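**Student:** Input file: upload_18.pdb. Contents: PDB, C-alpha atoms and all ligand atoms.
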```pdb
MODEL        1
ATOM      1  CA  MET Q   1       0.000   0.000   0.000  1.00  0.00           C
ATOM      2  CA  ALA Q   2       1.426   3.352  -0.956  1.00  0.00           C
ATOM      3  CA  GLY Q   3       1.466   5.999   1.722  1.00  0.00           C
ATOM      4  CA  LYS Q   4       0.918   9.711   1.410  1.00  0.00           C
ATOM      5  CA  PHE Q   5       3.139  11.432  -1.067  1.00  0.00           C
ATOM      6  CA  THR Q   6       6.424  12.464   0.500  1.00  0.00           C
ATOM      7  CA  ASP Q   7       9.005  14.798  -1.077  1.00  0.00           C
ATOM      8  CA  VAL Q   8      12.686  13.963  -1.044  1.00  0.00           C
ATOM      9  CA  ILE Q   9      15.242  16.764  -1.032  1.00  0.00           C
ATOM     10  CA  GLN Q  10      19.002  16.264  -1.010  1.00  0.00           C
ATOM     11  CA  ILE Q  11      20.598  18.556   1.585  1.00  0.00           C
ATOM     12  CA  SER Q  12      24.230  17.556   0.994  1.00  0.00           C
ATOM     13  CA  GLU Q  13      26.108  14.771  -0.755  1.00  0.00           C
ATOM     14  CA  SER Q  14      25.017  12.122   1.765  1.00  0.00           C
ATOM     15  CA  VAL Q  15      22.026  13.589   3.574  1.00  0.00           C
ATOM     16  CA  TYR Q  16      18.427  13.588   2.369  1.00  0.00           C
ATOM     17  CA  VAL Q  17      15.278  14.949   3.950  1.00  0.00           C
ATOM     18  CA  PHE Q  18      11.872  13.384   3.459  1.00  0.00           C
ATOM     19  CA  SER Q  19       9.312  16.114   3.800  1.00  0.00           C
ATOM     20  CA  ASN Q  20       5.586  15.815   4.143  1.00  0.00           C
ATOM     21  CA  PRO Q  21       3.815  19.162   4.314  1.00  0.00           C
ATOM     22  CA  GLU Q  22       0.552  17.452   5.249  1.00  0.00           C
ATOM     23  CA  GLY Q  23       2.230  15.307   7.855  1.00  0.00           C
ATOM     24  CA  ASP Q  24       0.454  15.899  11.105  1.00  0.00           C
ATOM     25  CA  VAL Q  25      -2.453  17.645  12.726  1.00  0.00           C
ATOM     26  CA  ASN Q  26      -1.144  20.485  14.836  1.00  0.00           C
ATOM     27  CA  MET Q  27      -2.713  20.197  18.265  1.00  0.00           C
ATOM     28  CA  ASP Q  28      -1.387  23.611  19.267  1.00  0.00           C
ATOM     29  CA  VAL Q  29      -3.480  25.263  16.565  1.00  0.00           C
ATOM     30  CA  PRO Q  30      -6.547  23.076  15.903  1.00  0.00           C
ATOM     31  CA  GLY Q  31      -7.413  22.732  12.248  1.00  0.00           C
ATOM     32  CA  THR Q  32      -3.884  23.343  10.998  1.00  0.00           C
ATOM     33  CA  VAL Q  33      -1.285  20.801  10.010  1.00  0.00           C
ATOM     34  CA  VAL Q  34       2.431  20.797  10.680  1.00  0.00           C
ATOM     35  CA  PRO Q  35       4.912  19.170   8.318  1.00  0.00           C
ATOM     36  CA  ILE Q  36       6.817  16.042   9.255  1.00  0.00           C
ATOM     37  CA  ASN Q  37      10.448  15.893   8.181  1.00  0.00           C
ATOM     38  CA  PHE Q  38      12.694  12.867   8.593  1.00  0.00           C
ATOM     39  CA  TRP Q  39      15.971  11.824   7.020  1.00  0.00           C
ATOM     40  CA  ALA Q  40      18.195   9.347   5.220  1.00  0.00           C
ATOM     41  CA  VAL Q  41      21.988   9.318   5.396  1.00  0.00           C
ATOM     42  CA  VAL Q  42      24.075   7.291   2.957  1.00  0.00           C
ATOM     43  CA  ASN Q  43      27.670   6.260   3.681  1.00  0.00           C
ATOM     44  CA  GLU Q  44      30.484   5.564   1.207  1.00  0.00           C
ATOM     45  CA  LYS Q  45      29.527   1.869   1.082  1.00  0.00           C
ATOM     46  CA  LYS Q  46      26.011   2.888   0.015  1.00  0.00           C
ATOM     47  CA  GLU Q  47      24.544   1.777   3.312  1.00  0.00           C
ATOM     48  CA  VAL Q  48      21.449   3.799   4.160  1.00  0.00           C
ATOM     49  CA  PHE Q  49      20.428   4.951   7.617  1.00  0.00           C
ATOM     50  CA  ILE Q  50      16.977   6.330   8.394  1.00  0.00           C
ATOM     51  CA  ILE Q  51      16.764   9.024  11.052  1.00  0.00           C
ATOM     52  CA  ASP Q  52      13.300   9.316  12.602  1.00  0.00           C
ATOM     53  CA  THR Q  53      10.585   7.211  11.072  1.00  0.00           C
ATOM     54  CA  GLY Q  54       7.467   9.262  10.391  1.00  0.00           C
ATOM     55  CA  PHE Q  55       4.089   7.600  10.855  1.00  0.00           C
ATOM     56  CA  ASP Q  56       3.519   4.206   9.186  1.00  0.00           C
ATOM     57  CA  ASN Q  57       1.956   5.723   6.073  1.00  0.00           C
ATOM     58  CA  LEU Q  58       4.890   8.085   5.586  1.00  0.00           C
ATOM     59  CA  ALA Q  59       7.314   5.221   6.167  1.00  0.00           C
ATOM     60  CA  GLU Q  60       5.552   3.149   3.504  1.00  0.00           C
ATOM     61  CA  SER Q  61       5.934   5.988   1.045  1.00  0.00           C
ATOM     62  CA  ILE Q  62       9.745   6.102   1.296  1.00  0.00           C
ATOM     63  CA  VAL Q  63      10.610   2.387   1.239  1.00  0.00           C
ATOM     64  CA  GLY Q  64      11.190   2.245  -2.525  1.00  0.00           C
ATOM     65  CA  TYR Q  65      13.172   5.471  -2.648  1.00  0.00           C
ATOM     66  CA  THR Q  66      15.363   4.380   0.249  1.00  0.00           C
ATOM     67  CA  GLU Q  67      16.195   1.134  -1.560  1.00  0.00           C
ATOM     68  CA  SER Q  68      17.204   3.161  -4.607  1.00  0.00           C
ATOM     69  CA  LEU Q  69      19.801   4.966  -2.454  1.00  0.00           C
ATOM     70  CA  GLY Q  70      21.530   1.769  -1.299  1.00  0.00           C
ATOM     71  CA  THR Q  71      21.243  -0.945   1.352  1.00  0.00           C
ATOM     72  CA  PRO Q  72      18.969  -0.023   4.265  1.00  0.00           C
ATOM     73  CA  THR Q  73      21.090  -0.677   7.352  1.00  0.00           C
ATOM     74  CA  ALA Q  74      19.673   0.864  10.536  1.00  0.00           C
ATOM     75  CA  VAL Q  75      17.197   3.327  12.006  1.00  0.00           C
ATOM     76  CA  PHE Q  76      17.983   6.023  14.559  1.00  0.00           C
ATOM     77  CA  ALA Q  77      15.328   8.050  16.367  1.00  0.00           C
ATOM     78  CA  THR Q  78      15.803  11.473  17.961  1.00  0.00           C
ATOM     79  CA  HIS Q  79      13.173  10.675  20.612  1.00  0.00           C
ATOM     80  CA  GLY Q  80      10.211   8.404  21.243  1.00  0.00           C
ATOM     81  CA  HIS Q  81       7.236  10.634  20.432  1.00  0.00           C
ATOM     82  CA  LEU Q  82       4.934   8.720  18.176  1.00  0.00           C
ATOM     83  CA  ASP Q  83       5.519  10.592  14.924  1.00  0.00           C
ATOM     84  CA  HIS Q  84       9.259   9.874  15.233  1.00  0.00           C
ATOM     85  CA  VAL Q  85       9.110   6.147  16.010  1.00  0.00           C
ATOM     86  CA  LEU Q  86       5.924   4.507  14.703  1.00  0.00           C
ATOM     87  CA  GLY Q  87       7.202   3.867  11.179  1.00  0.00           C
ATOM     88  CA  VAL Q  88       9.887   1.525  12.503  1.00  0.00           C
ATOM     89  CA  LYS Q  89       7.448  -1.374  12.084  1.00  0.00           C
ATOM     90  CA  VAL Q  90       7.399  -0.734   8.345  1.00  0.00           C
ATOM     91  CA  TYR Q  91      11.197  -0.673   8.068  1.00  0.00           C
ATOM     92  CA  LYS Q  92      11.660  -3.770  10.205  1.00  0.00           C
ATOM     93  CA  LYS Q  93       9.139  -5.633   8.107  1.00  0.00           C
ATOM     94  CA  ALA Q  94      10.727  -4.503   4.844  1.00  0.00           C
ATOM     95  CA  TRP Q  95      14.386  -4.964   5.767  1.00  0.00           C
ATOM     96  CA  ASP Q  96      14.721  -6.570   9.231  1.00  0.00           C
ATOM     97  CA  ILE Q  97      17.171  -3.903  10.430  1.00  0.00           C
ATOM     98  CA  PRO Q  98      18.046  -2.695  13.957  1.00  0.00           C
ATOM     99  CA  ALA Q  99      16.663   0.532  15.415  1.00  0.00           C
ATOM    100  CA  TYR Q 100      18.347   2.744  18.014  1.00  0.00           C
ATOM    101  CA  ILE Q 101      17.245   5.437  20.435  1.00  0.00           C
ATOM    102  CA  ASP Q 102      18.589   6.969  23.662  1.00  0.00           C
ATOM    103  CA  SER Q 103      18.065   4.506  26.546  1.00  0.00           C
ATOM    104  CA  ARG Q 104      16.058   7.098  28.523  1.00  0.00           C
ATOM    105  CA  GLU Q 105      13.585   7.155  25.650  1.00  0.00           C
ATOM    106  CA  ILE Q 106      13.258   3.368  25.819  1.00  0.00           C
ATOM    107  CA  GLU Q 107      12.208   3.736  29.458  1.00  0.00           C
ATOM    108  CA  ALA Q 108       9.655   6.386  28.456  1.00  0.00           C
ATOM    109  CA  LEU Q 109       8.345   4.117  25.683  1.00  0.00           C
ATOM    110  CA  LYS Q 110       7.876   1.374  28.289  1.00  0.00           C
ATOM    111  CA  GLU Q 111       5.710   3.731  30.354  1.00  0.00           C
ATOM    112  CA  GLY Q 112       3.778   4.608  27.215  1.00  0.00           C
ATOM    113  CA  HIS Q 113       2.253   7.984  28.059  1.00  0.00           C
ATOM    114  CA  SER Q 114       1.255  10.397  25.276  1.00  0.00           C
ATOM    115  CA  PRO Q 115       2.962  11.822  23.205  1.00  0.00           C
ATOM    116  CA  TYR Q 116       4.905   8.556  23.355  1.00  0.00           C
ATOM    117  CA  THR Q 117       3.337   5.530  21.759  1.00  0.00           C
ATOM    118  CA  SER Q 118       1.036   3.515  23.995  1.00  0.00           C
ATOM    119  CA  LYS Q 119       2.354   0.353  25.679  1.00  0.00           C
ATOM    120  CA  GLU Q 120       0.265  -1.771  23.323  1.00  0.00           C
ATOM    121  CA  GLU Q 121       2.372  -0.632  20.359  1.00  0.00           C
ATOM    122  CA  GLY Q 122       5.332  -2.484  21.889  1.00  0.00           C
ATOM    123  CA  MET Q 123       7.802   0.167  20.661  1.00  0.00           C
ATOM    124  CA  ALA Q 124      10.184  -0.293  23.610  1.00  0.00           C
ATOM    125  CA  ASP Q 125      10.930  -3.799  22.319  1.00  0.00           C
ATOM    126  CA  LEU Q 126      11.730  -2.582  18.812  1.00  0.00           C
ATOM    127  CA  TYR Q 127      14.474  -0.150  19.829  1.00  0.00           C
ATOM    128  CA  GLU Q 128      17.864  -0.697  21.432  1.00  0.00           C
ATOM    129  CA  PRO Q 129      20.138   1.915  23.058  1.00  0.00           C
ATOM    130  CA  LEU Q 130      22.201   4.106  20.714  1.00  0.00           C
ATOM    131  CA  ASP Q 131      25.239   2.267  19.425  1.00  0.00           C
ATOM    132  CA  GLU Q 132      28.492   4.189  18.862  1.00  0.00           C
ATOM    133  CA  GLU Q 133      29.773   1.760  16.236  1.00  0.00           C
ATOM    134  CA  MET Q 134      26.610   2.024  14.184  1.00  0.00           C
ATOM    135  CA  LEU Q 135      26.577   5.821  14.467  1.00  0.00           C
ATOM    136  CA  LYS Q 136      30.165   5.947  13.267  1.00  0.00           C
ATOM    137  CA  ARG Q 137      29.302   3.702  10.355  1.00  0.00           C
ATOM    138  CA  ALA Q 138      26.609   6.197   9.372  1.00  0.00           C
ATOM    139  CA  GLY Q 139      29.027   9.130   9.697  1.00  0.00           C
ATOM    140  CA  LEU Q 140      26.921  10.595  12.504  1.00  0.00           C
ATOM    141  CA  LYS Q 141      27.564  11.940  15.951  1.00  0.00           C
ATOM    142  CA  ALA Q 142      24.774  11.899  18.533  1.00  0.00           C
ATOM    143  CA  TYR Q 143      24.350  14.721  21.042  1.00  0.00           C
ATOM    144  CA  PHE Q 144      22.137  14.487  24.115  1.00  0.00           C
ATOM    145  CA  VAL Q 145      19.908  17.585  24.175  1.00  0.00           C
ATOM    146  CA  PRO Q 146      17.219  17.040  26.843  1.00  0.00           C
ATOM    147  CA  GLY Q 147      14.214  19.293  27.274  1.00  0.00           C
ATOM    148  CA  HIS Q 148      11.781  18.440  24.520  1.00  0.00           C
ATOM    149  CA  SER Q 149      11.926  14.937  25.969  1.00  0.00           C
ATOM    150  CA  VAL Q 150      13.944  13.134  28.624  1.00  0.00           C
ATOM    151  CA  GLY Q 151      16.467  11.533  26.270  1.00  0.00           C
ATOM    152  CA  ASN Q 152      16.172  13.887  23.313  1.00  0.00           C
ATOM    153  CA  THR Q 153      19.010  13.528  20.805  1.00  0.00           C
ATOM    154  CA  VAL Q 154      20.247  15.320  17.690  1.00  0.00           C
ATOM    155  CA  PHE Q 155      22.379  13.731  14.987  1.00  0.00           C
ATOM    156  CA  TYR Q 156      25.210  15.617  13.359  1.00  0.00           C
ATOM    157  CA  HIS Q 157      26.802  14.716  10.032  1.00  0.00           C
ATOM    158  CA  GLU Q 158      30.158  16.231  10.799  1.00  0.00           C
ATOM    159  CA  LYS Q 159      31.825  15.824   7.416  1.00  0.00           C
ATOM    160  CA  GLU Q 160      29.054  17.626   5.553  1.00  0.00           C
ATOM    161  CA  ASN Q 161      28.168  19.898   8.466  1.00  0.00           C
ATOM    162  CA  VAL Q 162      24.456  19.077   8.559  1.00  0.00           C
ATOM    163  CA  LEU Q 163      22.513  18.933  11.809  1.00  0.00           C
ATOM    164  CA  LEU Q 164      19.405  16.755  12.014  1.00  0.00           C
ATOM    165  CA  ALA Q 165      17.788  18.539  14.925  1.00  0.00           C
ATOM    166  CA  GLY Q 166      14.566  16.573  15.416  1.00  0.00           C
ATOM    167  CA  ASP Q 167      12.319  18.441  17.847  1.00  0.00           C
ATOM    168  CA  MET Q 168      15.090  20.172  19.806  1.00  0.00           C
ATOM    169  CA  ILE Q 169      13.832  23.254  17.986  1.00  0.00           C
ATOM    170  CA  SER Q 170      11.583  24.045  15.048  1.00  0.00           C
ATOM    171  CA  ASN Q 171      11.807  26.633  12.275  1.00  0.00           C
ATOM    172  CA  SER Q 172       9.845  28.749   9.824  1.00  0.00           C
ATOM    173  CA  GLU Q 173      11.326  30.006   6.557  1.00  0.00           C
ATOM    174  CA  ASP Q 174      14.089  32.023   8.154  1.00  0.00           C
ATOM    175  CA  ILE Q 175      13.918  31.850  11.937  1.00  0.00           C
ATOM    176  CA  LEU Q 176      14.342  29.210  14.601  1.00  0.00           C
ATOM    177  CA  LEU Q 177      11.417  28.513  16.887  1.00  0.00           C
ATOM    178  CA  PRO Q 178      11.071  26.670  20.176  1.00  0.00           C
ATOM    179  CA  PRO Q 179       9.598  23.163  19.836  1.00  0.00           C
ATOM    180  CA  ALA Q 180       5.828  22.732  20.193  1.00  0.00           C
ATOM    181  CA  GLN Q 181       5.002  23.775  23.761  1.00  0.00           C
ATOM    182  CA  ARG Q 182       2.312  21.168  24.256  1.00  0.00           C
ATOM    183  CA  TYR Q 183       4.637  18.249  23.618  1.00  0.00           C
ATOM    184  CA  THR Q 184       7.712  19.619  25.342  1.00  0.00           C
ATOM    185  CA  LEU Q 185       8.654  18.263  28.760  1.00  0.00           C
ATOM    186  CA  ASN Q 186      10.763  21.212  29.959  1.00  0.00           C
ATOM    187  CA  MET Q 187      10.899  24.243  27.674  1.00  0.00           C
ATOM    188  CA  ASP Q 188      13.636  26.102  29.578  1.00  0.00           C
ATOM    189  CA  GLU Q 189      15.862  23.036  29.331  1.00  0.00           C
ATOM    190  CA  ALA Q 190      15.011  22.632  25.634  1.00  0.00           C
ATOM    191  CA  ILE Q 191      16.031  26.231  24.897  1.00  0.00           C
ATOM    192  CA  ASP Q 192      19.270  25.778  26.883  1.00  0.00           C
ATOM    193  CA  SER Q 193      20.098  22.536  25.069  1.00  0.00           C
ATOM    194  CA  ALA Q 194      19.757  24.298  21.721  1.00  0.00           C
ATOM    195  CA  LYS Q 195      22.854  26.351  22.471  1.00  0.00           C
ATOM    196  CA  ILE Q 196      24.686  23.415  20.946  1.00  0.00           C
ATOM    197  CA  LEU Q 197      23.875  25.131  17.621  1.00  0.00           C
ATOM    198  CA  ASP Q 198      26.481  27.782  18.290  1.00  0.00           C
ATOM    199  CA  VAL Q 199      28.991  25.119  19.343  1.00  0.00           C
ATOM    200  CA  LEU Q 200      28.573  22.953  16.247  1.00  0.00           C
ATOM    201  CA  LYS Q 201      27.853  25.850  13.861  1.00  0.00           C
ATOM    202  CA  PRO Q 202      26.236  23.607  11.234  1.00  0.00           C
ATOM    203  CA  LYS Q 203      25.978  24.837   7.670  1.00  0.00           C
ATOM    204  CA  TYR Q 204      22.507  23.372   7.307  1.00  0.00           C
ATOM    205  CA  ILE Q 205      19.901  22.509   9.868  1.00  0.00           C
ATOM    206  CA  SER Q 206      16.782  20.418   9.417  1.00  0.00           C
ATOM    207  CA  THR Q 207      14.084  20.076  12.078  1.00  0.00           C
ATOM    208  CA  GLY Q 208      11.312  17.562  12.592  1.00  0.00           C
ATOM    209  CA  HIS Q 209       8.464  19.962  11.946  1.00  0.00           C
ATOM    210  CA  GLY Q 210      10.037  22.943  10.217  1.00  0.00           C
ATOM    211  CA  ARG Q 211       7.905  24.869   7.730  1.00  0.00           C
ATOM    212  CA  VAL Q 212      10.792  24.521   5.297  1.00  0.00           C
ATOM    213  CA  PRO Q 213      12.504  21.099   5.241  1.00  0.00           C
ATOM    214  CA  PHE Q 214      15.960  22.561   5.844  1.00  0.00           C
ATOM    215  CA  MET Q 215      17.653  25.931   6.095  1.00  0.00           C
ATOM    216  CA  GLU Q 216      21.066  27.489   6.241  1.00  0.00           C
ATOM    217  CA  TYR Q 217      22.121  28.100   9.828  1.00  0.00           C
ATOM    218  CA  LYS Q 218      23.539  31.508  10.517  1.00  0.00           C
ATOM    219  CA  GLU Q 219      25.129  32.750  13.708  1.00  0.00           C
ATOM    220  CA  GLY Q 220      22.703  34.846  15.679  1.00  0.00           C
ATOM    221  CA  MET Q 221      19.743  32.597  14.939  1.00  0.00           C
ATOM    222  CA  TYR Q 222      20.012  30.830  18.285  1.00  0.00           C
ATOM    223  CA  ARG Q 223      20.446  34.113  20.130  1.00  0.00           C
ATOM    224  CA  ASP Q 224      17.366  35.565  18.419  1.00  0.00           C
ATOM    225  CA  MET Q 225      15.296  32.540  19.386  1.00  0.00           C
ATOM    226  CA  TYR Q 226      16.617  32.664  22.950  1.00  0.00           C
ATOM    227  CA  TRP Q 227      15.656  36.316  23.451  1.00  0.00           C
ATOM    228  CA  GLY Q 228      12.367  35.890  21.631  1.00  0.00           C
ATOM    229  CA  PHE Q 229      11.486  33.096  24.023  1.00  0.00           C
ATOM    230  CA  ALA Q 230      12.639  35.089  27.061  1.00  0.00           C
ATOM    231  CA  ALA Q 231      10.481  38.049  25.967  1.00  0.00           C
ATOM    232  CA  SER Q 232       7.418  35.827  25.429  1.00  0.00           C
ATOM    233  CA  LYS Q 233       7.779  34.465  28.983  1.00  0.00           C
ATOM    234  CA  ASN Q 234       7.784  37.938  30.514  1.00  0.00           C
ATOM    235  CA  LYS Q 235       4.521  38.981  28.890  1.00  0.00           C
TER     236      LYS Q 235
HETATM  237 ZN    ZN Q 301       8.428  15.319  19.850  1.00  0.00          ZN
ENDMDL
END
```
Have the structure of the file written as structure tokens, please.
Ligand SMILES: [Zn+2]

**Tutor:**
Amino acid sequence: MAGKFTDVIQISESVYVFSNPEGDVNMDVPGTVVPINFWAVVNEKKEVFIIDTGFDNLAESIVGYTESLGTPTAVFATHGHLDHVLGVKVYKKAWDIPAYIDSREIEALKEGHSPYTSKEEGMADLYEPLDEEMLKRAGLKAYFVPGHSVGNTVFYHEKENVLLAGDMISNSEDILLPPAQRYTLNMDEAIDSAKILDVLKPKYISTGHGRVPFMEYKEGMYRDMYWGFAASKNK
């Protein structure tokens, strides 16, 4: 069964973003939808790694394209909220590959409270803790950036200077935004964690629900978001 149509955009030589503008109903603003972005990274051996899964229907829609890039090898998830992990069932069925997530997120998946998947989905059993060897094989570095969730992680493709930021932050066309308030565990911590942007100084950044699938990162963007958030709190 084909899923919803999903766009594929190449960010750099090895990094692709799957973008679905109709991805998700935005609970913060009823009646609107927010996009869902997730990623594929290809290494020099043409092994393909999926980062975040999308919902099942989105996952279905990228299976064929992913195979055209090379050999599907593993899945990594930035955190365990349902739109980032549910599609793993599709990938496991198609390719029987391992899936990795921060161990704190596995614990949260076991508890199964929204916006995590429910216990009945059995997601905790489908993921294992992040594996350094496998990350290295993908050309990725994982950074622990708690706040949006307890074990929230971003993945950095160092060689091509691309940051896959998941829900650490969000973005519109040209500014960074805090992640969706409603689904964020500790917003102050999330904003603090995002200072990693000015440490890594990525060339490109792609977020899980950005209005554009990726953007150039410029110095000052984090600072502007930080002060914008501080001002909104003092209202
Ligand atoms: Zn989330």

**Student:** Given all atoms listed in the file as the basis, pick out the residue of Q:Glu44, Q:Asp83, Q:Glu60, Q:Glu133 nearest to ligand ZN 301 (chain Q).

**Tutor:**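 Using all atoms listed in the file, the shortest distance to ligand ZN 301 (chain Q) belongs to Q:Asp83.
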
**Student:** Mind checking which residues fall within 7 Å of Q:His81, counting all atoms listed in the file, ignoring those fewer than 5 positions away in the same chain, and posting them as a compact mmCIF listing (two decimals) with C-alpha atoms, in the coordinates of the input?

**Tutor:**
```
# COMPACT_ATOMS: atom_id res chain seq x y z
CA PRO Q 115 2.96 11.82 23.20
CA TYR Q 116 4.90 8.56 23.36
CA THR Q 117 3.34 5.53 21.76
```

**Student:** Run the PyMOL selection byres (((chain Q and resi 149) around 7) and not hetatm) mentally over the shown coordinates, then write out the matched residues as a PyMOL selection string, using the chain letters and numbers from the document.

**Tutor:** chain Q and resi 79+146-148+150-152+184-185

**Student:** Which one is closest to Q:Met134: Q:Leu177, Q:Val88, Q:Val48, Q:Ala194? Count only C-alpha atoms.

**Tutor:**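 Selected residue with least distance to Q:Met134: Q:Val48.
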
**Student:** Within 8 Å of Q:Phe155, counting all atoms listed in the file, which residues show up once you throw out same-chain ones fewer than 5 positions away? Write them as an MDAnalysis selection string, please.

**Tutor:** chainID Q and resid 78 140:143 163:165

**Student:** For a quick check of understanding, using all atoms listed in the file, which of Q:Glu107, Q:Glu216, Q:Asp188, Q:Asp198 has the smallest distance to Q:Ser172?

**Tutor:**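 Among the listed residues, the smallest separation from Q:Ser172 belongs to Q:Glu216.
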
**Student:** Atom CA of Q:Leu130 to atom CA of Q:Lys46: how many Å, to one decimal?

**Tutor:** 21.1 Å

**Student:** Taking into account all atoms listed in the file, which residue in the set Q:Arg104, Q:Lys89, Q:His157, Q:Arg182 is nearest to ligand ZN 301 (chain Q)?

**Tutor:**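 Of all the options, Q:Arg182 lies closest to ligand ZN 301 (chain Q).
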
**Student:** Would you compute the distance between atom CA of Q:Thr32 and atom CA of Q:Ile175? Give it in Å to one decimal.

**Tutor:** 19.8 Å

**Student:** I'd like the interatomic distance between atom CA of Q:Met187 and atom CA of Q:Ala40, to a tenth of an Å.

**Tutor:**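 Separation between atom CA of Q:Met187 and atom CA of Q:Ala40: 27.9 Å.
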
**Student:** As a check of understanding, name the residues that the PyMOL selection byres (((chain Q and resi 69-77) around 6) and not hetatm) selects in the supplied structure, as a ChimeraX atom specification.

**Tutor:** /Q:46-52,66-68,78-79,97-101

**Student:** The centre and edge lengths of an axis-aligned box containing all atoms of stretch 198-217 of chain Q present in the file, extended by 3 Å on each side, are to be given in Å to one decimal, as JSON.

**Tutor:**
```
{"center_x": 18.4, "center_y": 22.8, "center_z": 12.3, "size_x": 27.1, "size_y": 16.5, "size_z": 20.1}
```

**Student:** Which is closer to Q:Leu200 than all the others in Q:Val85, Q:Val154, Q:Met123, Q:Ile11, using all atoms listed in the file?

**Tutor:** Q:Val154

**Student:** Evaluate the PyMOL selection byres (((chain Q and resi 35) around 6) and not hetatm) against this structure - the residues, as a PDB file with C-alpha atoms, keeping the file's coordinate frame, please.

**Tutor:**
```
ATOM      1  CA  ASN Q  20       5.586  15.815   4.143  1.00  0.00           C
ATOM      2  CA  PRO Q  21       3.815  19.162   4.314  1.00  0.00           C
ATOM      3  CA  GLU Q  22       0.552  17.452   5.249  1.00  0.00           C
ATOM      4  CA  GLY Q  23       2.230  15.307   7.855  1.00  0.00           C
ATOM      5  CA  VAL Q  34       2.431  20.797  10.680  1.00  0.00           C
ATOM      6  CA  ILE Q  36       6.817  16.042   9.255  1.00  0.00           C
ATOM      7  CA  HIS Q 209       8.464  19.962  11.946  1.00  0.00           C
TER       8      HIS Q 209
END
```

**Student:** Using only C-alpha atoms and all ligand atoms, which residue out of Q:Ile62, Q:Ile9, Q:Ala180, Q:Leu197 lies closest to ligand ZN 301 (chain Q)?

**Tutor:** Q:Ala180

**Student:** Within 10 Å of Q:Gly228, counting only C-alpha atoms, which residues qualify if same-chain residues fewer than 6 places away don't, as a ChimeraX atom specification?

**Tutor:** /Q:176-178,222

**Student:** Need the shell around Q:Ala124: protein/DNA/RNA residues with any atom at most 7 Å away, counting only C-alpha atoms. Skip same-chain ones fewer than 2 positions apart. Format as a PDB file with C-alpha atoms, in the frame of the given file?

**Tutor:**
```pdb
ATOM      1  CA  ILE Q 106      13.258   3.368  25.819  1.00  0.00           C
ATOM      2  CA  LEU Q 109       8.345   4.117  25.683  1.00  0.00           C
ATOM      3  CA  LYS Q 110       7.876   1.374  28.289  1.00  0.00           C
ATOM      4  CA  GLY Q 122       5.332  -2.484  21.889  1.00  0.00           C
ATOM      5  CA  LEU Q 126      11.730  -2.582  18.812  1.00  0.00           C
ATOM      6  CA  TYR Q 127      14.474  -0.150  19.829  1.00  0.00           C
TER       7      TYR Q 127
END
```

**Student:** Can you put N, CA, C and O atoms back into stretch 171-180 of chain Q and show it as a PDB file, keeping the file's coordinate frame?

**Tutor:**
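Below is the file out_15.pdb, written as the result:
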```
ATOM      1  N   ASN Q 171      11.443  25.450  13.062  1.00  0.00           N
ATOM      2  CA  ASN Q 171      11.807  26.633  12.275  1.00  0.00           C
ATOM      3  C   ASN Q 171      10.700  27.009  11.304  1.00  0.00           C
ATOM      4  O   ASN Q 171       9.890  26.181  10.885  1.00  0.00           O
ATOM      5  N   SER Q 172      10.679  28.314  10.951  1.00  0.00           N
ATOM      6  CA  SER Q 172       9.845  28.749   9.824  1.00  0.00           C
ATOM      7  C   SER Q 172      10.806  28.981   8.672  1.00  0.00           C
ATOM      8  O   SER Q 172      11.890  28.414   8.655  1.00  0.00           O
ATOM      9  N   GLU Q 173      10.454  29.827   7.722  1.00  0.00           N
ATOM     10  CA  GLU Q 173      11.326  30.006   6.557  1.00  0.00           C
ATOM     11  C   GLU Q 173      12.707  30.501   6.948  1.00  0.00           C
ATOM     12  O   GLU Q 173      13.700  30.083   6.389  1.00  0.00           O
ATOM     13  N   ASP Q 174      12.772  31.453   7.875  1.00  0.00           N
ATOM     14  CA  ASP Q 174      14.089  32.023   8.154  1.00  0.00           C
ATOM     15  C   ASP Q 174      14.398  32.259   9.625  1.00  0.00           C
ATOM     16  O   ASP Q 174      15.374  32.925   9.945  1.00  0.00           O
ATOM     17  N   ILE Q 175      13.574  31.740  10.514  1.00  0.00           N
ATOM     18  CA  ILE Q 175      13.918  31.850  11.937  1.00  0.00           C
ATOM     19  C   ILE Q 175      13.756  30.513  12.646  1.00  0.00           C
ATOM     20  O   ILE Q 175      12.994  29.649  12.211  1.00  0.00           O
ATOM     21  N   LEU Q 176      14.504  30.384  13.745  1.00  0.00           N
ATOM     22  CA  LEU Q 176      14.342  29.210  14.601  1.00  0.00           C
ATOM     23  C   LEU Q 176      13.213  29.474  15.586  1.00  0.00           C
ATOM     24  O   LEU Q 176      12.991  30.606  16.006  1.00  0.00           O
ATOM     25  N   LEU Q 177      12.529  28.414  15.941  1.00  0.00           N
ATOM     26  CA  LEU Q 177      11.417  28.513  16.887  1.00  0.00           C
ATOM     27  C   LEU Q 177      11.602  27.473  17.977  1.00  0.00           C
ATOM     28  O   LEU Q 177      12.220  26.423  17.744  1.00  0.00           O
ATOM     29  N   PRO Q 178      11.071  27.724  19.161  1.00  0.00           N
ATOM     30  CA  PRO Q 178      11.071  26.670  20.176  1.00  0.00           C
ATOM     31  C   PRO Q 178      10.229  25.491  19.683  1.00  0.00           C
ATOM     32  O   PRO Q 178       9.390  25.669  18.804  1.00  0.00           O
ATOM     33  N   PRO Q 179      10.447  24.303  20.230  1.00  0.00           N
ATOM     34  CA  PRO Q 179       9.598  23.163  19.836  1.00  0.00           C
ATOM     35  C   PRO Q 179       8.160  23.379  20.327  1.00  0.00           C
ATOM     36  O   PRO Q 179       7.922  24.270  21.138  1.00  0.00           O
ATOM     37  N   ALA Q 180       7.243  22.585  19.813  1.00  0.00           N
ATOM     38  CA  ALA Q 180       5.828  22.732  20.193  1.00  0.00           C
ATOM     39  C   ALA Q 180       5.683  22.620  21.718  1.00  0.00           C
ATOM     40  O   ALA Q 180       6.033  21.615  22.322  1.00  0.00           O
TER      41      ALA Q 180
END
```
